[in-house]
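Source file final.cif; content: mmCIF, C-alpha atoms.
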```cif
data_run
#
loop_
_atom_site.group_PDB
_atom_site.id
_atom_site.type_symbol
_atom_site.label_atom_id
_atom_site.label_comp_id
_atom_site.auth_asym_id
_atom_site.auth_seq_id
_atom_site.Cartn_x
_atom_site.Cartn_y
_atom_site.Cartn_z
ATOM 1 C CA MET A 1 0.303 -5.595 31.280
ATOM 2 C CA GLN A 2 -0.365 -3.903 27.967
ATOM 3 C CA THR A 3 -0.407 -5.920 24.748
ATOM 4 C CA LEU A 4 1.620 -4.744 21.728
ATOM 5 C CA THR A 5 -1.601 -3.564 20.045
ATOM 6 C CA GLN A 6 -2.533 -1.519 23.108
ATOM 7 C CA ARG A 7 0.956 -0.015 23.315
ATOM 8 C CA LEU A 8 0.817 0.893 19.620
ATOM 9 C CA ALA A 9 -2.598 2.492 20.105
ATOM 10 C CA ASN A 10 -0.728 5.600 21.175
ATOM 11 C CA PRO A 11 0.193 7.493 17.957
ATOM 12 C CA THR A 12 3.193 9.144 19.642
ATOM 13 C CA ARG A 13 4.599 5.748 20.608
ATOM 14 C CA PHE A 14 3.881 4.472 17.109
ATOM 15 C CA MET A 15 5.812 7.418 15.624
ATOM 16 C CA GLU A 16 8.824 6.623 17.811
ATOM 17 C CA LEU A 17 8.779 2.902 17.024
ATOM 18 C CA SER A 18 8.153 3.346 13.276
ATOM 19 C CA ALA A 19 10.987 5.892 13.022
ATOM 20 C CA ARG A 20 13.330 3.216 14.391
ATOM 21 C CA LEU A 21 11.937 0.374 12.225
ATOM 22 C CA LEU A 22 11.589 2.167 8.894
ATOM 23 C CA PRO A 23 15.311 2.356 7.911
ATOM 24 C CA TRP A 24 15.827 -1.357 8.721
ATOM 25 C CA ILE A 25 12.782 -2.545 6.759
ATOM 26 C CA SER A 26 13.696 -0.284 3.814
ATOM 27 C CA ALA A 27 17.299 -1.539 3.775
ATOM 28 C CA ALA A 28 16.216 -5.206 4.020
ATOM 29 C CA SER A 29 13.778 -4.663 1.148
ATOM 30 C CA ALA A 30 16.447 -2.975 -1.023
ATOM 31 C CA ILE A 31 18.976 -5.773 -0.384
ATOM 32 C CA LEU A 32 16.423 -8.506 -1.136
ATOM 33 C CA LEU A 33 15.243 -6.641 -4.241
ATOM 34 C CA ALA A 34 18.803 -6.381 -5.576
ATOM 35 C CA TYR A 35 19.394 -10.082 -4.893
ATOM 36 C CA GLY A 36 16.020 -10.992 -6.410
ATOM 37 C CA LEU A 37 16.767 -9.017 -9.593
ATOM 38 C CA TYR A 38 20.159 -10.737 -9.869
ATOM 39 C CA LEU A 39 18.436 -14.129 -9.563
ATOM 40 C CA ALA A 40 15.634 -13.112 -11.943
ATOM 41 C CA PHE A 41 17.885 -11.912 -14.764
ATOM 42 C CA ILE A 42 21.275 -13.591 -14.304
ATOM 43 C CA ASP A 43 20.978 -16.704 -12.177
ATOM 44 C CA SER A 44 17.776 -18.354 -13.394
ATOM 45 C CA PRO A 45 17.128 -20.218 -16.631
ATOM 46 C CA ALA A 46 14.482 -19.593 -19.285
ATOM 47 C CA ASP A 47 11.426 -21.809 -18.853
ATOM 48 C CA TYR A 48 11.029 -24.765 -21.234
ATOM 49 C CA GLN A 49 7.511 -23.573 -22.196
ATOM 50 C CA GLN A 50 7.412 -19.826 -21.429
ATOM 51 C CA GLY A 51 10.980 -19.106 -22.539
ATOM 52 C CA GLU A 52 12.387 -15.784 -21.300
ATOM 53 C CA THR A 53 8.901 -14.400 -20.521
ATOM 54 C CA VAL A 54 8.989 -16.407 -17.289
ATOM 55 C CA ARG A 55 11.024 -13.461 -15.949
ATOM 56 C CA ILE A 56 7.809 -11.377 -15.916
ATOM 57 C CA MET A 57 6.513 -13.851 -13.306
ATOM 58 C CA TYR A 58 9.164 -12.655 -10.842
ATOM 59 C CA ILE A 59 7.367 -9.308 -10.614
ATOM 60 C CA HIS A 60 3.835 -10.366 -11.562
ATOM 61 C CA VAL A 61 3.472 -12.939 -8.768
ATOM 62 C CA PRO A 62 4.701 -10.575 -5.978
ATOM 63 C CA CYS A 63 2.375 -7.808 -7.233
ATOM 64 C CA ALA A 64 -0.571 -10.240 -7.396
ATOM 65 C CA TRP A 65 0.259 -11.511 -3.890
ATOM 66 C CA LEU A 66 0.422 -7.950 -2.553
ATOM 67 C CA SER A 67 -2.839 -6.963 -4.262
ATOM 68 C CA MET A 68 -4.592 -9.488 -2.011
ATOM 69 C CA MET A 69 -2.432 -9.153 1.103
ATOM 70 C CA VAL A 70 -2.843 -5.356 1.196
ATOM 71 C CA TYR A 71 -6.611 -5.776 0.985
ATOM 72 C CA GLY A 72 -6.311 -8.174 3.928
ATOM 73 C CA VAL A 73 -4.437 -5.464 5.861
ATOM 74 C CA ILE A 74 -7.232 -2.982 5.039
ATOM 75 C CA ALA A 75 -9.906 -5.483 6.110
ATOM 76 C CA VAL A 76 -8.177 -6.241 9.447
ATOM 77 C CA SER A 77 -7.660 -2.511 10.063
ATOM 78 C CA SER A 78 -11.321 -1.813 9.242
ATOM 79 C CA PHE A 79 -12.384 -4.526 11.680
ATOM 80 C CA GLY A 80 -10.065 -2.952 14.278
ATOM 81 C CA LEU A 81 -11.719 0.418 13.720
ATOM 82 C CA LEU A 82 -15.340 -0.766 13.815
ATOM 83 C CA VAL A 83 -15.009 -3.274 16.668
ATOM 84 C CA PHE A 84 -12.142 -2.092 18.873
ATOM 85 C CA ARG A 85 -12.039 1.604 17.849
ATOM 86 C CA HIS A 86 -8.252 1.330 17.650
ATOM 87 C CA PRO A 87 -6.920 4.859 17.022
ATOM 88 C CA LEU A 88 -4.428 3.728 14.397
ATOM 89 C CA ALA A 89 -6.757 1.341 12.550
ATOM 90 C CA ASP A 90 -8.228 4.002 10.283
ATOM 91 C CA VAL A 91 -4.767 5.498 9.696
ATOM 92 C CA SER A 92 -3.582 2.050 8.580
ATOM 93 C CA ALA A 93 -6.571 1.428 6.281
ATOM 94 C CA LYS A 94 -6.330 4.873 4.687
ATOM 95 C CA ALA A 95 -2.551 4.586 4.156
ATOM 96 C CA ALA A 96 -2.773 1.106 2.604
ATOM 97 C CA ALA A 97 -5.486 1.806 -0.007
ATOM 98 C CA PRO A 98 -3.391 3.714 -2.622
ATOM 99 C CA LEU A 99 -0.541 1.213 -2.202
ATOM 100 C CA GLY A 100 -2.918 -1.711 -2.754
ATOM 101 C CA ALA A 101 -4.404 -0.003 -5.814
ATOM 102 C CA ALA A 102 -0.907 0.501 -7.267
ATOM 103 C CA PHE A 103 0.134 -3.134 -6.763
ATOM 104 C CA THR A 104 -3.179 -4.415 -8.169
ATOM 105 C CA PHE A 105 -2.720 -2.184 -11.220
ATOM 106 C CA LEU A 106 0.813 -3.600 -11.648
ATOM 107 C CA ALA A 107 -0.465 -7.183 -11.281
ATOM 108 C CA LEU A 108 -3.015 -6.545 -14.038
ATOM 109 C CA LEU A 109 -0.511 -4.761 -16.276
ATOM 110 C CA THR A 110 2.335 -7.279 -15.933
ATOM 111 C CA GLY A 111 -0.136 -10.162 -16.309
ATOM 112 C CA SER A 112 -1.435 -8.575 -19.480
ATOM 113 C CA LEU A 113 2.102 -8.078 -20.817
ATOM 114 C CA TRP A 114 2.837 -11.740 -20.070
ATOM 115 C CA GLY A 115 -0.481 -12.836 -21.619
ATOM 116 C CA LYS A 116 0.121 -11.317 -25.041
ATOM 117 C CA PRO A 117 3.138 -13.478 -25.977
ATOM 118 C CA MET A 118 1.871 -16.543 -24.055
ATOM 119 C CA TRP A 119 -1.890 -16.561 -24.684
ATOM 120 C CA GLY A 120 -1.907 -14.388 -27.803
ATOM 121 C CA THR A 121 -4.049 -11.715 -26.123
ATOM 122 C CA TYR A 122 -3.604 -8.925 -23.572
ATOM 123 C CA TRP A 123 -6.938 -9.583 -21.905
ATOM 124 C CA VAL A 124 -9.712 -12.163 -21.570
ATOM 125 C CA TRP A 125 -12.831 -11.891 -19.390
ATOM 126 C CA ASP A 126 -11.643 -14.896 -17.432
ATOM 127 C CA ALA A 127 -12.755 -15.357 -13.796
ATOM 128 C CA ARG A 128 -9.304 -14.681 -12.283
ATOM 129 C CA LEU A 129 -8.566 -11.608 -14.392
ATOM 130 C CA THR A 130 -12.058 -10.183 -13.959
ATOM 131 C CA SER A 131 -12.099 -10.717 -10.182
ATOM 132 C CA VAL A 132 -8.719 -8.965 -9.846
ATOM 133 C CA LEU A 133 -10.069 -6.096 -11.980
ATOM 134 C CA ILE A 134 -13.030 -5.859 -9.542
ATOM 135 C CA LEU A 135 -10.497 -5.752 -6.662
ATOM 136 C CA PHE A 136 -8.760 -2.827 -8.414
ATOM 137 C CA PHE A 137 -12.105 -0.978 -8.725
ATOM 138 C CA LEU A 138 -12.798 -1.764 -5.061
ATOM 139 C CA TYR A 139 -9.542 -0.041 -4.076
ATOM 140 C CA LEU A 140 -10.500 2.972 -6.215
ATOM 141 C CA GLY A 141 -13.956 2.919 -4.582
ATOM 142 C CA LEU A 142 -12.421 2.995 -1.082
ATOM 143 C CA ILE A 143 -10.207 5.963 -2.024
ATOM 144 C CA ALA A 144 -13.078 7.802 -3.761
ATOM 145 C CA LEU A 145 -15.572 7.216 -0.922
ATOM 146 C CA ARG A 146 -13.163 8.558 1.666
ATOM 147 C CA SER A 147 -12.341 11.675 -0.319
ATOM 148 C CA ALA A 148 -16.022 12.300 -1.136
ATOM 149 C CA LEU A 149 -17.010 12.748 2.525
ATOM 150 C CA GLU A 150 -15.914 15.817 4.490
ATOM 151 C CA ASP A 151 -16.666 14.385 7.924
ATOM 152 C CA GLU A 152 -13.563 12.277 8.635
ATOM 153 C CA GLY A 153 -15.264 10.121 11.273
ATOM 154 C CA ALA A 154 -18.135 9.201 8.963
ATOM 155 C CA ALA A 155 -15.726 8.662 6.052
ATOM 156 C CA ALA A 156 -13.637 6.279 8.173
ATOM 157 C CA LYS A 157 -16.666 4.226 9.262
ATOM 158 C CA LEU A 158 -18.291 4.029 5.817
ATOM 159 C CA THR A 159 -14.983 3.125 4.173
ATOM 160 C CA ALA A 160 -14.422 0.427 6.801
ATOM 161 C CA ILE A 161 -17.882 -1.049 6.138
ATOM 162 C CA LEU A 162 -17.257 -1.059 2.366
ATOM 163 C CA ALA A 163 -13.836 -2.682 2.945
ATOM 164 C CA LEU A 164 -15.362 -5.450 5.067
ATOM 165 C CA VAL A 165 -18.159 -6.093 2.538
ATOM 166 C CA GLY A 166 -15.557 -6.142 -0.226
ATOM 167 C CA VAL A 167 -13.403 -8.728 1.537
ATOM 168 C CA THR A 168 -15.600 -11.414 -0.098
ATOM 169 C CA ILE A 169 -13.625 -10.762 -3.286
ATOM 170 C CA LEU A 170 -10.495 -12.377 -1.774
ATOM 171 C CA PRO A 171 -11.748 -16.017 -1.685
ATOM 172 C CA ILE A 172 -13.362 -15.446 -5.090
ATOM 173 C CA ILE A 173 -9.978 -14.412 -6.527
ATOM 174 C CA LYS A 174 -8.151 -17.238 -4.759
ATOM 175 C CA PHE A 175 -10.538 -20.005 -5.810
ATOM 176 C CA SER A 176 -11.667 -18.564 -9.175
ATOM 177 C CA VAL A 177 -9.193 -20.837 -10.962
ATOM 178 C CA ASP A 178 -10.713 -23.894 -9.240
ATOM 179 C CA TRP A 179 -14.408 -22.927 -9.393
ATOM 180 C CA TRP A 180 -14.455 -21.854 -13.036
ATOM 181 C CA ASN A 181 -12.791 -22.995 -16.203
ATOM 182 C CA THR A 182 -10.231 -20.232 -16.687
ATOM 183 C CA LEU A 183 -7.447 -19.429 -19.121
ATOM 184 C CA HIS A 184 -5.373 -18.393 -16.108
ATOM 185 C CA GLN A 185 -3.419 -21.371 -14.779
ATOM 186 C CA PRO A 186 -4.524 -23.040 -11.512
ATOM 187 C CA SER A 187 -2.938 -22.216 -8.152
ATOM 188 C CA THR A 188 0.777 -22.978 -8.065
ATOM 189 C CA ASP A 189 2.153 -25.385 -5.494
ATOM 190 C CA PHE A 190 5.540 -23.800 -4.831
ATOM 191 C CA THR A 191 6.991 -26.925 -3.272
ATOM 192 C CA SER A 192 6.297 -29.360 -6.104
ATOM 193 C CA THR A 193 5.355 -27.658 -9.388
ATOM 194 C CA VAL A 194 8.000 -24.919 -9.570
ATOM 195 C CA ASP A 195 11.588 -25.860 -10.333
ATOM 196 C CA PRO A 196 13.966 -24.788 -7.504
ATOM 197 C CA SER A 197 15.924 -22.591 -9.966
ATOM 198 C CA MET A 198 12.755 -20.504 -10.446
ATOM 199 C CA ARG A 199 11.297 -20.955 -6.983
ATOM 200 C CA LEU A 200 14.158 -19.096 -5.296
ATOM 201 C CA PRO A 201 13.873 -15.867 -7.360
ATOM 202 C CA LEU A 202 10.080 -15.975 -6.942
ATOM 203 C CA LEU A 203 10.297 -16.287 -3.165
ATOM 204 C CA VAL A 204 13.073 -13.689 -2.821
ATOM 205 C CA MET A 205 11.139 -11.178 -4.960
ATOM 206 C CA ALA A 206 7.917 -11.909 -3.038
ATOM 207 C CA ALA A 207 9.743 -11.274 0.264
ATOM 208 C CA ALA A 208 11.354 -8.086 -1.139
ATOM 209 C CA PHE A 209 8.003 -6.719 -2.346
ATOM 210 C CA THR A 210 6.317 -7.594 0.960
ATOM 211 C CA LEU A 211 8.978 -5.692 2.922
ATOM 212 C CA LEU A 212 8.749 -2.849 0.398
ATOM 213 C CA PHE A 213 5.018 -2.629 1.066
ATOM 214 C CA PHE A 214 5.506 -2.616 4.846
ATOM 215 C CA ALA A 215 8.140 0.142 4.556
ATOM 216 C CA MET A 216 5.838 2.258 2.367
ATOM 217 C CA HIS A 217 2.858 1.527 4.606
ATOM 218 C CA LEU A 218 4.748 2.657 7.725
ATOM 219 C CA LYS A 219 5.838 5.843 5.937
ATOM 220 C CA ALA A 220 2.288 6.512 4.685
ATOM 221 C CA MET A 221 0.917 5.966 8.222
ATOM 222 C CA ARG A 222 3.484 8.390 9.662
ATOM 223 C CA ASN A 223 2.470 10.968 7.030
ATOM 224 C CA GLU A 224 -1.209 10.481 7.861
ATOM 225 C CA ILE A 225 -0.596 10.927 11.617
ATOM 226 C CA LEU A 226 1.335 14.142 10.894
ATOM 227 C CA ARG A 227 -1.471 15.335 8.558
ATOM 228 C CA ARG A 228 -4.013 14.799 11.350
ATOM 229 C CA ARG A 229 -1.787 16.690 13.802
ATOM 230 C CA VAL A 230 -1.518 19.604 11.368
ATOM 231 C CA LYS A 231 -5.293 19.612 10.940
ATOM 232 C CA ALA A 232 -5.886 19.477 14.711
ATOM 233 C CA LEU A 233 -3.421 22.345 15.309
ATOM 234 C CA ARG A 234 -5.065 24.468 12.601
ATOM 235 C CA THR A 235 -8.474 23.879 14.189
ATOM 236 C CA GLN A 236 -6.978 24.719 17.607
ATOM 237 C CA ALA A 237 -5.437 27.943 16.196
ATOM 238 C CA VAL A 238 -8.743 29.017 14.612
ATOM 239 C CA ALA A 239 -10.645 28.240 17.845
ATOM 240 C CA GLY A 240 -8.077 30.279 19.832
ATOM 241 C CA ARG A 241 -8.451 33.254 17.475
ATOM 242 C CA ASP A 242 -12.246 33.030 17.685
ATOM 243 C CA ARG A 243 -12.084 33.007 21.508
ATOM 244 C CA LEU A 244 -9.809 36.071 21.505
ATOM 245 C CA ALA A 245 -12.100 37.897 19.074
ATOM 246 C CA ALA A 246 -15.168 37.061 21.200
ATOM 247 C CA HIS A 247 -13.333 38.219 24.348
ATOM 248 C CA ALA A 248 -12.321 41.517 22.673
ATOM 249 C CA THR A 249 -15.917 42.117 21.530
ATOM 250 C CA THR A 250 -17.259 41.463 25.054
ATOM 251 C CA GLN A 251 -14.664 43.798 26.576
ATOM 252 C CA GLY A 252 -15.491 46.512 24.002
ATOM 253 C CA ALA A 253 -19.199 46.229 24.736
ATOM 254 C CA ALA A 254 -18.573 46.433 28.506
ATOM 255 C CA GLU A 255 -16.540 49.616 28.132
ATOM 256 C CA MET B 256 22.793 -6.321 -22.619
ATOM 257 C CA ILE B 257 21.011 -9.512 -21.590
ATOM 258 C CA ASP B 258 19.424 -11.323 -24.525
ATOM 259 C CA LEU B 259 15.792 -11.833 -23.595
ATOM 260 C CA GLY B 260 14.699 -13.344 -26.876
ATOM 261 C CA PRO B 261 11.831 -12.332 -29.163
ATOM 262 C CA HIS B 262 9.600 -11.139 -26.309
ATOM 263 C CA ALA B 263 12.204 -8.862 -24.710
ATOM 264 C CA ALA B 264 10.021 -5.763 -25.155
ATOM 265 C CA PHE B 265 7.231 -7.293 -23.022
ATOM 266 C CA ILE B 266 9.737 -8.126 -20.270
ATOM 267 C CA TRP B 267 11.428 -4.711 -20.248
ATOM 268 C CA VAL B 268 8.095 -2.825 -20.322
ATOM 269 C CA SER B 269 6.853 -4.919 -17.372
ATOM 270 C CA TYR B 270 9.935 -4.193 -15.271
ATOM 271 C CA ALA B 271 9.951 -0.509 -16.313
ATOM 272 C CA ALA B 272 6.267 -0.128 -15.326
ATOM 273 C CA VAL B 273 6.934 -1.637 -11.895
ATOM 274 C CA ALA B 274 10.072 0.505 -11.416
ATOM 275 C CA VAL B 275 8.307 3.736 -12.434
ATOM 276 C CA THR B 276 5.219 3.035 -10.278
ATOM 277 C CA VAL B 277 7.235 2.046 -7.183
ATOM 278 C CA ALA B 278 9.603 5.014 -7.646
ATOM 279 C CA GLY B 279 6.560 7.297 -8.034
ATOM 280 C CA LEU B 280 5.044 5.965 -4.805
ATOM 281 C CA ILE B 281 8.332 6.458 -2.913
ATOM 282 C CA VAL B 282 8.777 10.038 -4.218
ATOM 283 C CA TRP B 283 5.151 10.840 -3.342
ATOM 284 C CA LEU B 284 5.528 9.441 0.199
ATOM 285 C CA ILE B 285 8.764 11.353 0.849
ATOM 286 C CA ALA B 286 7.344 14.620 -0.572
ATOM 287 C CA ASP B 287 4.146 14.210 1.460
ATOM 288 C CA GLY B 288 6.160 13.580 4.651
ATOM 289 C CA ARG B 289 8.265 16.706 4.042
ATOM 290 C CA LYS B 290 5.130 18.787 3.439
ATOM 291 C CA GLN B 291 3.532 17.632 6.709
ATOM 292 C CA HIS B 292 6.766 18.360 8.632
ATOM 293 C CA SER B 293 7.048 21.852 7.128
ATOM 294 C CA ASP B 294 3.347 22.577 7.882
ATOM 295 C CA LEU B 295 3.886 21.465 11.498
ATOM 296 C CA ASP B 296 7.014 23.618 11.781
ATOM 297 C CA ALA B 297 5.130 26.625 10.389
ATOM 298 C CA LEU B 298 2.341 26.183 12.954
ATOM 299 C CA GLU B 299 4.846 25.798 15.795
ATOM 300 C CA ARG B 300 6.621 28.984 14.679
ATOM 301 C CA GLN B 301 3.251 30.736 15.026
ATOM 302 C CA GLY B 302 3.111 29.462 18.604
ATOM 303 C CA VAL B 303 0.468 26.793 17.978
ATOM 304 C CA ARG B 304 1.532 23.689 19.864
ATOM 305 C CA ARG B 305 -0.140 20.527 21.027
ATOM 306 C CA ARG B 306 0.370 19.393 24.585
ATOM 307 C CA GLY B 307 3.211 16.907 25.020
ATOM 308 C CA SER B 308 4.359 17.221 21.401
ATOM 309 C CA VAL B 309 7.908 18.313 22.141
ATOM 310 C CA GLY B 310 10.461 16.299 20.205
ATOM 311 C CA VAL B 311 7.974 13.806 18.755
ATOM 312 C CA ARG B 312 8.242 13.520 14.997
#
```

Rendering of file as structure tokens:
Amino acid sequence: MQTLTQRLANPTRFMELSARLLPWISAASAILLAYGLYLAFIDSPADYQQGETVRIMYIHVPCAWLSMMVYGVIAVSSFGLLVFRHPLADVSAKAAAPLGAAFTFLALLTGSLWGKPMWGTYWVWDARLTSVLILFFLYLGLIALRSALEDEGAAAKLTAILALVGVTILPIIKFSVDWWNTLHQPSTDFTSTVDPSMRLPLLVMAAAFTLLFFAMHLKAMRNEILRRRVKALRTQAVAGRDRLAAHATTQGAAE
Amino acid sequence: MIDLGPHAAFIWVSYAAVAVTVAGLIVWLIADGRKQHSDLDALERQGVRRRGSVGVR
């Protein structure tokens, strides 16, 4: 009996399944996002220390979470490509990279916009901020490396190797606030240190952003599969024309 | 308008940046999907077809 991974290894089957899933994931994300925004702006209080700026946390935390989770998706996909040669692994890694870069950029930007009124500065070379900036450059590196190489097979392998080497940044980001003395606050324990009135909007927004990422990732994977089909058909068309031309030349010479 | 206190500008700019970036990503993904579909259609009109591709989009 085939496992789910084996069944999904067929791009045609993946296209059928993703076409069915995509509207549901998109709708669930939109509903959760609307509810999360209602909680973030209307149904949650200002913080006793941060005041109204706590509302930036409802988008900063989900973006920061996604910046790391998306890299995890890329790392797992890269492992799947290098070890199991799963046909969709490279499609997944390639599709996730620009999305991860965008969410990491947003985590840095919203953190900076929160930092100015709270810390008095947009930026400090603190371990957490710097390690997330390195993660952002890593995403850009993955995108640049892939587009710099014409051979798609080599580009996929080299990008996968870089992604797996780069995965070391994830524990550094996670534990940077414990290992070094940082301006960034330590890890938050959602069950005890966050008031329930703020925990709910945080969790709803995190769930909404996670579903949003999965919807965009599925769409980006579908686009990439179609792009590869277009490329394969163009190659097939050129090869067919070349064969016809060679046949015509041979016939002409024989006559 | 919700009163977001003295730091309202920081809050609105944060939300606007997220909205613009996410909207940009969605528009890009939809436009890219349409382009791939139209390229595939154009190739199929020229008679270039992959085996077993009928009806799979």

Margin query: Under the PyMOL selection byres ((chain A) within 10 of (chain B)), which residues of this model are included? Write them out as a ChimeraX atom specification.
Written below: /A:12-13,15-16,19,41-42,46,51-60,63,98-99,102-103,105-107,109-118,212-213,215-217,219-234,236-237,240

Could you give me the axis-aligned bounding box of region 265-271 of chain B, with 6 Å of padding per side, as centre plus edge lengths in Å to one decimal, as lines of an AutoDock Vina configuration file?
```
center_x = 9.1
center_y = -4.3
center_z = -19.1
size_x = 16.6
size_y = 19.6
size_z = 19.8
```

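Using only C-alpha atoms for every distance, the candidate list A:Val194, A:Val204, A:Ala254, A:Leu183 yields A:Leu183 as the residue closest to Trp119 (chain A).
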
Check: Between CA of Pro11 (chain A) and CA of Val76 (chain A), what is the distance, to one decimal in Å?
Finding: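 Going from CA of Pro11 (chain A) over to CA of Val76 (chain A), I get 18.2 Å.
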
Next item on the list: For Pro186 (chain A), work out the shell of residues within 10 Å, counting all atoms listed in the file and skipping chain neighbours fewer than 4 positions away, then give it as a list in words.
Entry: Arg128, Lys174, Phe175, Ser176, Val177, Asp178, Asn181 and Thr182 of chain A

The selected residues should be written to file as a PDB file, in the coordinates of the input (atoms: C-alpha atoms).
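Written out: part-v2.pdb:
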```pdb
ATOM      1  CA  ARG A 128      -9.304 -14.681 -12.283  1.00  0.00           C
ATOM      2  CA  LYS A 174      -8.151 -17.238  -4.759  1.00  0.00           C
ATOM      3  CA  PHE A 175     -10.538 -20.005  -5.810  1.00  0.00           C
ATOM      4  CA  SER A 176     -11.667 -18.564  -9.175  1.00  0.00           C
ATOM      5  CA  VAL A 177      -9.193 -20.837 -10.962  1.00  0.00           C
ATOM      6  CA  ASP A 178     -10.713 -23.894  -9.240  1.00  0.00           C
ATOM      7  CA  ASN A 181     -12.791 -22.995 -16.203  1.00  0.00           C
ATOM      8  CA  THR A 182     -10.231 -20.232 -16.687  1.00  0.00           C
TER       9      THR A 182
END
```

Next item on the list: Just give me the gap between CA of Gly72 (chain A) and CA of Ser147 (chain A) in Å, one decimal is fine.
Entry: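 Rounded to one decimal, the two atoms are 21.2 Å apart.
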
Next item on the list: Mind checking which residues fall within 12 Å of Ala144 (chain A), counting all atoms listed in the file, ignoring those fewer than 5 positions away in the same chain, and posting them as JSON, numbers by chain?
Entry: {"A": [94, 97, 98, 101, 137, 138, 139, 149, 150, 155, 158, 159, 162]}

Note to self: I'd like to see the residues matched by the PyMOL selection byres ((chain A and resi 21-31) around 7) on this file, and ideally I'd get them as a ChimeraX atom specification.
What the structure shows: /A:17-20,32-35,208,211-212,215,218

Next item on the list: Identify which of the residues A:Phe136, A:Gly252, A:Ala239, A:Val61 lies closest to Thr188 (chain A), counting only C-alpha atoms when measuring atom-to-atom distances.
Entry: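 Looking only at the distances to Thr188 (chain A), the closest residue turns out to be A:Val61.
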
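Every residue within 8 Å of the file position (-5.1, 0.1, 13.6), judged by only C-alpha atoms, is given as Ala9, Ser77, Ser78, Gly80, Leu81, His86, Pro87, Leu88, Ala89, Asp90, Val91, Ser92 and Ala93 of chain A.
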
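If you look at CA of Gln50 (chain A) and CA of Val132 (chain A), they are 22.6 Å away from each other.
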